[in-house]
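**Student:** First, the structure itself, so that you have it in front of you.
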Amino acid sequence: MGILEVKDVGKRFGGLQALGDVNLSVQENSCHAIIGPNGAGKSTLLNCLIGKLIPDTGSVLFDGQSVLGRTPYEICQMGISRVFQTPEIFGDLSVLENMMIPIFAKRDGAFELNAFSSVFAQRDVLEQAEHMLAEMNLADKRHMHAAAMSRGDKRRLEIAMCLSQNPRLLLLDEPTAGMARADTNNTIDLLKQIKDERDITIAIIEHDMHVVFSLADRITVLAQGRPLVEDTPDKIKGHPKVREAYLGESA
Amino acid sequence: MFGLDKTDTKLLLIVAVLCLFAPFILNPFPTSSGLAQFNAGYPDLMQRFVIFGIFAVGFNILFGLTGYLSFGHAAFLGVGSYSAVWMFKLLSMNVIPAILLSVLLSGVFALIIGYVSLRRSGIYFSILTLAFAQMSFALAYSVFTPITGGETGLQLALDDPRILGISQTAGGNIPVPALFGLEMRASWDLVLGDWQFTFNAGYYLCALILLAAFYMAIRIFRSPFGMMLRAVKSNQQRMNYTGLNTKPYTLAAFVISGMYAGLAGGLMASMDPLAGAERMQWTASGEVVLMTILGGAGTLIGPVLGAGFIKYFENIFSKLNDNVLHGWFAFMPDGLENLMVTIVHPFVGKGWHLTLGILFMLVVIFLPGGLVEGGQRVGRLFRRRDIKSTGPEAEAAQQRNAAE
Amino acid sequence: MDAIILQILNGLDKGSAYALIALGLTLIFGTLGVVNFAHGALFMIGAFCAVTLSRILTLSRTTIDETQTDFLGNPLKVEVPYAHDFFGPVVGDALIDWAVPLAILFSIPVMLLVGFVMERGLIKHFYKRPHADQILVTFGLAIVLQEVIKYFYGANPIPTPAPDVFRGSFDFGAMVGFEANQIIYPYWRLVYFAFAALIIGAVFAFLQFTTFGMVVRAGMADRETVGLLGIDIDRRFTIMFGIAAAVAGLAGVMYAPINSPNYHMGMDFLVLSFVVVVVGGMGSLPGAVLAGFLLGILESFASMSAVIDLIPGINQVIIYLVAITILLTRPRGLMGRKGVMED
């Protein structure tokens, strides 16, 4: 039984069957990629995974609990951290503050009206944040305005923010979309490092083959809303069905 | 000091000194000189400075930190005023219970309105708050007349019970608001040569409360709570996916800022014990928005500056009339003098709101950070001349300062 | 039954004004994506167009009429409008009498000009700024416009009568076969309603049947795509802003006899019109019109004494109550589209 179980999920939009009979099992501490050509239903599936869309049929279980219909913050509290297509960070705040917020959120749980102590008096949070920034090679940028950073650094910060909460599942939505080659390679290296050093499950929804084949332990190919094959990267590469549906265009 | 860092302590001290010496600072001109009309050091006006300062500081906790633009904050001001007057009618003329009740009731009121309004964001939130405030205004004006005094407003009367005080003084008058016997209207004059300085008990009470309110605002801005609020403003999406329900945060900010407004309303009634429905009207809500934006939303000192700026110029501009203008331009040839008076005339006296509107538009268009940003720009201009070599580190630090 | 019809009729004129203002607000919002707090001021400027024309027409010179004397035997001073000199007494008087309807012609170019200047000079620079900034700058503009009007016309309401033939009331009930003297309705309100219906019809026809309208509607749906087609959408949007201003202005011109124009009438209507737009659904033109009339009629029902006895003060707050309810239960309003202003 995997940490994330997608069972018989189907979703229709009017006359369009966006998803049908999707079964998927993401094993703990693996990196599972979901790929597919445009319009294969990747975003719809993603939205089902984070509880934003409720499928017509089937269930999505994270660690045995259903995620359907839950609010984003509940999803996060369950242990799923999300990395967005365009880095979602707090642009108006400094890098250090960006880093501290998820740590506060993790430490204090839900709402805490901590209105009278200074942010920087919270030694433990500050130390953790500094540590995380150092680990991510962002320490020298800690007083920068987050919005002023390069796209690659923003991505780095976003991932750092997610990791600081020790999530069990890191969900990445096309993490290298619109990035320059150098930034893409940096991000791949970063993710590899995270995979090697931490006990974390990574689910990645991606278009870019290069990224997928350098990271994934298992790959599910989605085509026309249905899972086509699921296998290891080596097998997927040579799979005739996949070539036909997806790689065929580029190969 | 007080758990603040160096810059914040300096800021607090500046405000403290300004408040303490306001009777001197605002009365720089000798009474007999022609410039005496620019003096603003009389109790009534000074009280207004600090009371609206409190109102704006509170509004800024909501708008400046979370970005939620409330167009109905005057409702809380009104609730505060009514509660205080009722306290004067029923309990005693001591201002402490009156102010406490103002803060408490407006907090409850803000909790209800905020809980409902915060279900929506953006312009929908603005319209919800506006609708609630207009509703409160309309009701205070009509149906709730027994509680609010309707059109005439709520006033003290000789036959009010005042169970802990006296219904009327020995002379058969309505007693005046006081702090344990210290009447709010009590003033001492200090005459130094041609200068006259007035120290008013009510003003100093308001000023002390402003200092406390400002201190609390600094603490809130610098706290994890304040940081969370700024994060909500910056990126609500990321905030949600950080595992935090943002609503309690914004609601807390809404209630706190509503309580600030109630405090201001209570103080207003403590200085002059009456309350009217027009205090709740949306134009009054608009005024506090103007003050905050003009001073600099999201900055600490901005709202205080904005409130002082608007109230000062409102007072000065409204007093200017054609005679004064002719006096100013008397050094010019007659034709030119008349021309100048004609040009300036629409903007002064009753035309003050026109000047305010234009000024406000200019600020929104060219100086979205308000007076504070203006000051920083000027400051940077000078600093750049002094220190030519600024490394990337200093640049980043400067940007950070500008952002704060 | 009579009472119900009477209330519906009573609600029509205010509803018409709401509908017209809300229509313009929605057009501006839908096409330009701008929240225009100065739209009420445009309504007010329209009303003052009527005042201005009526003042121009009644400009007079003073002559001494030897044929008449006052009680002391001195020759009487008579005010003769220049209109008499130009058009003769009969036509001149008619012109003065019909000042308000004539002001329609006068106000169209004025309002278009005001609209163009506003859009090119100010609003244009705020397309990319946050909605809060748009609200703030147009709020400032509204203050400026209203203060300018106050400066020139004073703070008091200026009575501006309708033409003689439309003054007074008629027995609407008797006309449609009810008991006499039950439903009395002023002529001018009926005129106002018909006028509003005409304008609304014209705007919809314009958007529906002209190429210009088609482009604008497409632009409302998806601005970027239309821009990519190489159509100069910005210029069309400027024109659209002018039209929205003209619609608000026309609503104001004809409203002058119902409610004597004063400088703050725009703000009074603006708050309510925003409520109307929200209830109708941001970005929906039919929604704005529907909600305008519905709320006008609802308000009129709430002012019935039977209703007020039941729930005191309801007439004062009904619109806000409806707005709050709709916003909380149906945030897209009655006919709003998905995704408009939901962030």
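Numbering starts fresh at 1 for the residues of each chain in the structure tokens, the chains themselves are lettered A, B, ... in the order given, and ligands are numbered from 1 as they appear.
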Taking the DSSP assignment computed from this structure's backbone, write out as number ranges by chain all residues of range 9-241 of chain A that belong to strand (DSSP E or B).

**Tutor:** A: 9-13, 16-26, 31-35, 57-62, 65-66, 80-83, 94, 145, 169-173, 201-206, 218-223, 226-231

**Student:** Residues of chain C were defined as contacting chain B if any atom lay at most 6 Å from it, counting only C-alpha atoms; please report them as a ChimeraX atom specification.

**Tutor:** /C:137,140,143-144,147,313,316-317,320

**Student:** Would you tabulate, counting only C-alpha atoms, all residues of chain B that have an atom at most 6 Å from an atom of chain A, showing the closest pair of atoms and their distance in Å to one decimal, sorted by chain then ascending number, as CSV?

**Tutor:**
```
residue,atom,partner,partner_atom,distance
B:Arg219,CA,A:Phe116,CA,5.3
B:Ile220,CA,A:Ala115,CA,4.9
B:Arg222,CA,A:Ser118,CA,5.3
B:Ser223,CA,A:Ser118,CA,4.5
B:Pro224,CA,A:Val119,CA,5.0
B:Phe225,CA,A:Ala115,CA,5.1
B:Ala231,CA,A:Phe90,CA,6.0
B:Ser234,CA,A:Phe90,CA,5.3
B:Asn235,CA,A:Phe90,CA,5.5
B:Arg238,CA,A:Glu88,CA,5.8
B:Asn240,CA,A:Tyr73,CA,5.0
B:Tyr241,CA,A:Tyr73,CA,5.4
B:Thr242,CA,A:Pro102,CA,5.8
B:Gly243,CA,A:Tyr73,CA,3.9
B:Leu244,CA,A:Tyr73,CA,5.2
B:Asn245,CA,A:Tyr73,CA,5.9
B:Ala396,CA,A:Met144,CA,5.8
```

**Student:** Among range 178-281 of chain B, which ones does DSSP assign to helix (DSSP H, G or I) (computed from the backbone)? Answer as a PyMOL selection string.

**Tutor:** chain B and resi 201-222+224-234+236-240+246-271+277-280

**Student:** Of the candidates C:Asp222, C:Leu57, C:Val277, C:Leu32, which shows the shortest atom-to-atom distance to Asp234 in chain C, using only C-alpha atoms?

**Tutor:**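 Of all the options, C:Leu32 lies closest to Asp234 in chain C.
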
**Student:** Report, in Å to a single decimal, how far apart CA of Ile301 in chain B and CA of Gly370 in chain B are.

**Tutor:**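 Distance between the two atoms: 10.9 Å.
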